[in-house]
$ cat start.cif   # mmCIF, C-alpha atoms
data_input
loop_
_atom_site.label_atom_id
_atom_site.label_comp_id
_atom_site.auth_asym_id
_atom_site.auth_seq_id
_atom_site.Cartn_x
_atom_site.Cartn_y
_atom_site.Cartn_z
CA MET A 639 -60.48 -37.34 81.92
CA ILE A 640 -57.79 -37.93 79.27
CA ASN A 641 -54.21 -37.56 80.31
CA PRO A 642 -52.39 -34.86 78.24
CA LEU A 643 -49.46 -37.23 77.85
CA THR A 644 -51.77 -39.76 76.25
CA ARG A 645 -52.88 -37.17 73.70
CA VAL A 646 -49.29 -36.47 72.80
CA GLU A 647 -48.57 -40.16 72.38
CA VAL A 648 -51.65 -40.58 70.19
CA ARG A 649 -50.59 -37.67 68.03
CA LEU A 650 -47.08 -39.05 67.76
CA SER A 651 -48.44 -42.45 66.75
CA GLN A 652 -50.62 -40.88 64.06
CA ASN A 653 -47.68 -38.84 62.75
CA GLN A 654 -45.46 -41.94 62.65
CA ALA A 655 -48.16 -43.83 60.72
CA SER A 656 -48.42 -40.98 58.20
CA GLY A 657 -44.64 -41.00 57.83
CA ASP A 658 -44.63 -44.74 57.21
CA GLU A 659 -47.28 -44.32 54.53
CA MET A 660 -45.30 -41.52 52.90
CA SER A 661 -42.09 -43.52 52.90
CA ALA A 662 -44.01 -46.45 51.43
CA PHE A 663 -45.29 -44.23 48.61
CA GLY A 664 -41.80 -42.77 48.19
CA GLY A 665 -40.32 -46.29 47.71
CA LYS A 666 -42.84 -47.09 44.99
CA GLY A 667 -41.98 -43.83 43.24
CA GLU A 668 -38.30 -44.67 43.20
CA GLU A 669 -39.05 -48.12 41.74
CA ASP A 670 -41.21 -46.53 39.04
CA MET A 671 -38.46 -44.06 38.18
CA GLY A 672 -35.91 -46.90 37.92
CA ALA A 673 -38.20 -48.86 35.60
CA LEU A 674 -38.75 -45.78 33.40
CA SER A 675 -35.00 -45.18 33.25
CA LYS A 676 -34.36 -48.78 32.12
CA LEU A 677 -37.16 -48.54 29.55
CA SER A 678 -35.61 -45.34 28.17
CA GLN A 679 -32.22 -47.06 27.91
CA TRP A 680 -33.76 -50.00 26.02
CA LYS A 681 -35.50 -47.60 23.63
CA THR A 682 -32.20 -45.82 22.97
CA LEU A 683 -30.41 -49.12 22.31
CA ALA A 684 -33.21 -50.31 20.02
CA ARG A 685 -33.09 -47.03 18.07
CA GLU A 686 -29.31 -47.30 17.64
CA ALA A 687 -29.58 -50.94 16.54
CA ALA A 688 -32.26 -50.03 13.98
CA GLU A 689 -30.14 -47.17 12.61
CA ARG A 690 -27.06 -49.38 12.28
CA THR A 691 -29.09 -52.13 10.62
CA ALA A 692 -30.44 -49.59 8.11
CA ILE A 693 -26.90 -48.39 7.34
CA LEU A 694 -25.71 -51.99 6.84
CA ALA A 695 -28.68 -52.75 4.58
CA LYS A 696 -27.93 -49.67 2.45
CA PHE A 697 -24.27 -50.67 2.21
CA LEU A 698 -25.17 -54.20 1.09
CA CYS A 699 -27.60 -52.82 -1.51
CA ILE A 700 -24.92 -50.49 -2.90
CA LEU A 701 -22.42 -53.36 -2.92
CA HIS A 702 -24.89 -55.60 -4.79
CA VAL A 703 -25.68 -52.93 -7.39
CA THR A 704 -21.98 -52.12 -7.84
CA ASN A 705 -21.03 -55.79 -8.12
CA THR A 706 -23.84 -56.62 -10.55
CA TYR A 707 -24.01 -53.58 -12.80
CA ILE A 708 -20.79 -51.57 -12.50
CA CYS A 709 -17.61 -53.32 -11.39
CA THR A 710 -16.54 -56.53 -9.67
CA PRO A 711 -13.20 -57.99 -8.51
CA THR A 712 -12.22 -61.44 -9.76
CA LEU A 713 -9.32 -63.88 -9.53
CA VAL A 714 -8.00 -65.49 -12.71
CA TYR A 715 -5.22 -68.04 -13.00
CA GLY A 716 -3.85 -70.62 -15.39
CA PRO A 717 -1.60 -70.73 -18.45
CA SER A 718 -4.07 -69.72 -21.17
CA MET A 719 -3.48 -65.95 -20.88
CA LEU A 720 0.30 -66.00 -20.44
CA PRO A 721 2.16 -63.65 -20.57
CA THR A 722 -0.67 -61.12 -19.98
CA PHE A 723 -1.70 -62.80 -16.73
CA ASN A 724 0.35 -64.82 -14.29
CA LEU A 725 0.15 -68.58 -14.02
CA THR A 726 -0.35 -68.38 -10.25
CA GLY A 727 -3.17 -65.86 -10.42
CA ASP A 728 -4.08 -62.19 -10.82
CA VAL A 729 -6.75 -60.16 -9.04
CA LEU A 730 -8.54 -58.07 -11.65
CA LEU A 731 -11.33 -55.52 -11.78
CA VAL A 732 -14.02 -56.25 -14.35
CA GLU A 733 -16.48 -53.58 -15.45
CA ASN A 734 -19.92 -54.47 -16.79
CA LEU A 735 -21.09 -51.25 -18.44
CA THR A 736 -19.09 -51.68 -21.66
CA VAL A 737 -20.65 -55.10 -22.25
CA ARG A 738 -24.18 -53.90 -21.46
CA MET A 739 -23.79 -51.03 -23.92
CA GLY A 740 -22.40 -53.35 -26.61
CA LYS A 741 -19.08 -51.52 -26.75
CA VAL A 742 -16.57 -54.39 -26.48
CA ARG A 743 -14.09 -54.53 -29.36
CA PRO A 744 -11.39 -56.84 -30.72
CA GLY A 745 -8.39 -56.69 -28.43
CA ASP A 746 -10.47 -56.39 -25.25
CA VAL A 747 -9.83 -58.95 -22.53
CA VAL A 748 -13.15 -60.21 -21.23
CA LEU A 749 -14.61 -62.56 -18.67
CA VAL A 750 -16.82 -65.14 -20.38
CA ARG A 751 -19.10 -67.85 -19.05
CA SER A 752 -17.85 -71.06 -20.59
CA PRO A 753 -20.20 -72.38 -23.33
CA GLU A 754 -19.19 -75.91 -22.33
CA ASN A 755 -19.58 -75.54 -18.56
CA PRO A 756 -21.91 -72.75 -17.34
CA ARG A 757 -20.45 -73.02 -13.84
CA LYS A 758 -17.05 -71.99 -15.12
CA THR A 759 -15.90 -68.49 -16.09
CA VAL A 760 -12.85 -67.96 -18.31
CA SER A 761 -10.77 -64.93 -19.25
CA LYS A 762 -9.94 -64.57 -22.96
CA ARG A 763 -9.22 -61.92 -25.55
CA ILE A 764 -11.73 -60.98 -28.22
CA LEU A 765 -10.21 -61.44 -31.68
CA GLY A 766 -13.30 -60.96 -33.83
CA MET A 767 -16.86 -59.62 -33.80
CA GLU A 768 -19.91 -60.69 -35.77
CA GLY A 769 -19.31 -60.61 -39.54
CA ASP A 770 -15.51 -60.77 -39.18
CA ARG A 771 -13.49 -63.49 -40.85
CA VAL A 772 -11.02 -65.09 -38.47
CA THR A 773 -8.12 -67.29 -39.55
CA PHE A 774 -6.59 -69.45 -36.86
CA MET A 775 -4.17 -72.33 -36.46
CA ILE A 776 -6.08 -75.54 -35.74
CA ASP A 777 -3.32 -77.28 -33.75
CA PRO A 778 -0.33 -74.95 -33.28
CA LYS A 779 1.58 -77.54 -31.25
CA ASN A 780 1.68 -80.08 -34.07
CA SER A 781 1.04 -78.31 -37.39
CA ASN A 782 0.78 -75.00 -39.20
CA ARG A 783 -2.57 -75.88 -40.77
CA CYS A 784 -5.02 -72.96 -40.66
CA GLN A 785 -8.75 -72.55 -41.01
CA SER A 786 -10.96 -69.52 -41.61
CA VAL A 787 -14.37 -68.88 -40.04
CA VAL A 788 -16.94 -66.09 -40.50
CA ILE A 789 -18.36 -65.14 -37.12
CA PRO A 790 -22.17 -65.34 -37.10
CA LYS A 791 -24.44 -62.54 -35.88
CA GLY A 792 -24.57 -62.05 -32.12
CA HIS A 793 -21.29 -63.93 -31.53
CA VAL A 794 -17.63 -63.13 -30.85
CA TRP A 795 -14.40 -65.05 -31.34
CA ILE A 796 -12.29 -65.45 -28.19
CA GLN A 797 -8.79 -66.87 -27.74
CA GLY A 798 -6.19 -67.04 -25.01
CA ASP A 799 -2.95 -65.13 -25.54
CA ASN A 800 -1.05 -68.38 -25.06
CA ILE A 801 -2.37 -70.31 -28.08
CA TYR A 802 -0.41 -73.40 -27.07
CA ALA A 803 -2.29 -73.84 -23.78
CA SER A 804 -5.71 -72.31 -24.30
CA HIS A 805 -9.11 -73.92 -24.71
CA ASP A 806 -11.12 -71.34 -26.64
CA SER A 807 -13.12 -70.61 -29.81
CA ARG A 808 -10.74 -72.80 -31.80
CA ASN A 809 -12.24 -75.70 -29.85
CA PHE A 810 -15.87 -74.69 -29.25
CA GLY A 811 -16.43 -72.09 -31.98
CA PRO A 812 -17.78 -68.53 -31.78
CA VAL A 813 -19.32 -67.57 -28.43
CA PRO A 814 -22.72 -65.85 -28.01
CA TYR A 815 -22.32 -62.23 -26.96
CA GLY A 816 -24.66 -62.85 -24.03
CA LEU A 817 -22.06 -65.06 -22.35
CA ILE A 818 -19.66 -62.13 -21.88
CA GLN A 819 -19.71 -61.16 -18.20
CA GLY A 820 -17.52 -58.07 -18.30
CA LYS A 821 -14.42 -56.36 -19.61
CA VAL A 822 -11.16 -56.55 -17.65
CA PHE A 823 -9.73 -53.05 -17.21
CA PHE A 824 -7.51 -53.01 -14.11
CA ARG A 825 -5.06 -55.31 -12.34
CA VAL A 826 -5.00 -55.10 -8.53
CA TRP A 827 -2.59 -57.94 -7.77
CA PRO A 828 0.32 -58.69 -8.01
CA LEU A 829 1.60 -55.25 -7.11
CA ASN A 830 4.31 -55.27 -9.79
CA GLY A 831 1.52 -55.37 -12.38
CA PHE A 832 -0.79 -52.90 -10.58
CA GLY A 833 -2.57 -50.54 -12.93
CA SER A 834 -4.66 -50.36 -16.08
CA LEU A 835 -4.59 -53.40 -18.32
CA ARG A 836 -2.82 -52.80 -21.60
CA GLN A 837 -4.72 -54.04 -24.60
#
$ encode --input "start.cif" --output "structure tokens"
Amino acid sequence: MINPLTRVEVRLSQNQASGDEMSAFGGKGEEDMGALSKLSQWKTLAREAAERTAILAKFLCILHVTNTYICTPTLVYGPSMLPTFNLTGDVLLVENLTVRMGKVRPGDVVLVRSPENPRKTVSKRILGMEGDRVTFMIDPKNSNRCQSVVIPKGHVWIQGDNIYASHDSRNFGPVPYGLIQGKVFFRVWPLNGFGSLRQ
């Protein structure tokens, strides 16, 4: 004969075992939920990083296109363009569209890749286009002797505004049009010269 108390103890033991199993399953569920939460956070961070990277890439592409085909800032210095530019340096904006469309004219200040040193870029003023006859002083420091040149097709004649301290077409002759990098149109620095460049 089974003691009723024994039955109660057995039932209590079974119930306790079931509770232990349930709490064990409940612990695993909480761990799974924590892992899913972390995974969701990582996905959100990865999505934000991808979006910001895409924005940065677009910005760099726009900057490259603008710098290459539309407008670029540049620093010029030296005595050759005095008094138009300062000896200590000017920050200028150079636009490329005028050159690409073949619209530069005498009087324009341009940025030109040096025909003597391709690594060097110089700022000069265009004084003549193809077919023009240019008369210039050979050595203004020491004599008044002049010489005339007809500019060949596809070339321009460039000179610095300070003819006494400029190395230009008087030294290396007419420059191929293809060496013109852009037309200077705006001065950013110094502030007392801020504004459009007067031709």
$ resolve_selection --input "start.cif" --expression "the PyMOL selection byres ((chain A and resi 732) around 12)" --output "ChimeraX atom specification"
/A:704-714,729-731,733-737,746-750,761,818-826,834-835
$ resolve_selection --input "start.cif" --expression "the PyMOL selection byres ((chain A and resi 779-792) around 6)" --output "MDAnalysis selection string"
chainID A and resid 768:778 793 814:815
$ write_last_selection --input "start.cif" --atoms "C-alpha atoms" --output "CSV table (one decimal), keeping the file's coordinate frame"
chain,number,residue,atom,x,y,z
A,768,GLU,CA,-19.9,-60.7,-35.8
A,769,GLY,CA,-19.3,-60.6,-39.5
A,770,ASP,CA,-15.5,-60.8,-39.2
A,771,ARG,CA,-13.5,-63.5,-40.8
A,772,VAL,CA,-11.0,-65.1,-38.5
A,773,THR,CA,-8.1,-67.3,-39.6
A,774,PHE,CA,-6.6,-69.4,-36.9
A,775,MET,CA,-4.2,-72.3,-36.5
A,776,ILE,CA,-6.1,-75.5,-35.7
A,777,ASP,CA,-3.3,-77.3,-33.8
A,778,PRO,CA,-0.3,-75.0,-33.3
A,793,HIS,CA,-21.3,-63.9,-31.5
A,814,PRO,CA,-22.7,-65.8,-28.0
A,815,TYR,CA,-22.3,-62.2,-27.0
$ atom_distance --input "start.cif" --atom1 "CA of Met767 in chain A" --atom2 "CA of Pro717 in chain A"
24.3 Å
$ residues_near_point --input "start.cif" --point "(-15.7, -69.4, -30.4)" --cutoff "9 Å" --atoms "only C-alpha atoms" --output "NGL selection string"
:A and (753 or 789 or 793-797 or 806-814)
$ atom_distance --input "start.cif" --atom1 "CA of Arg763 in chain A" --atom2 "CA of Gly727 in chain A"
16.8 Å
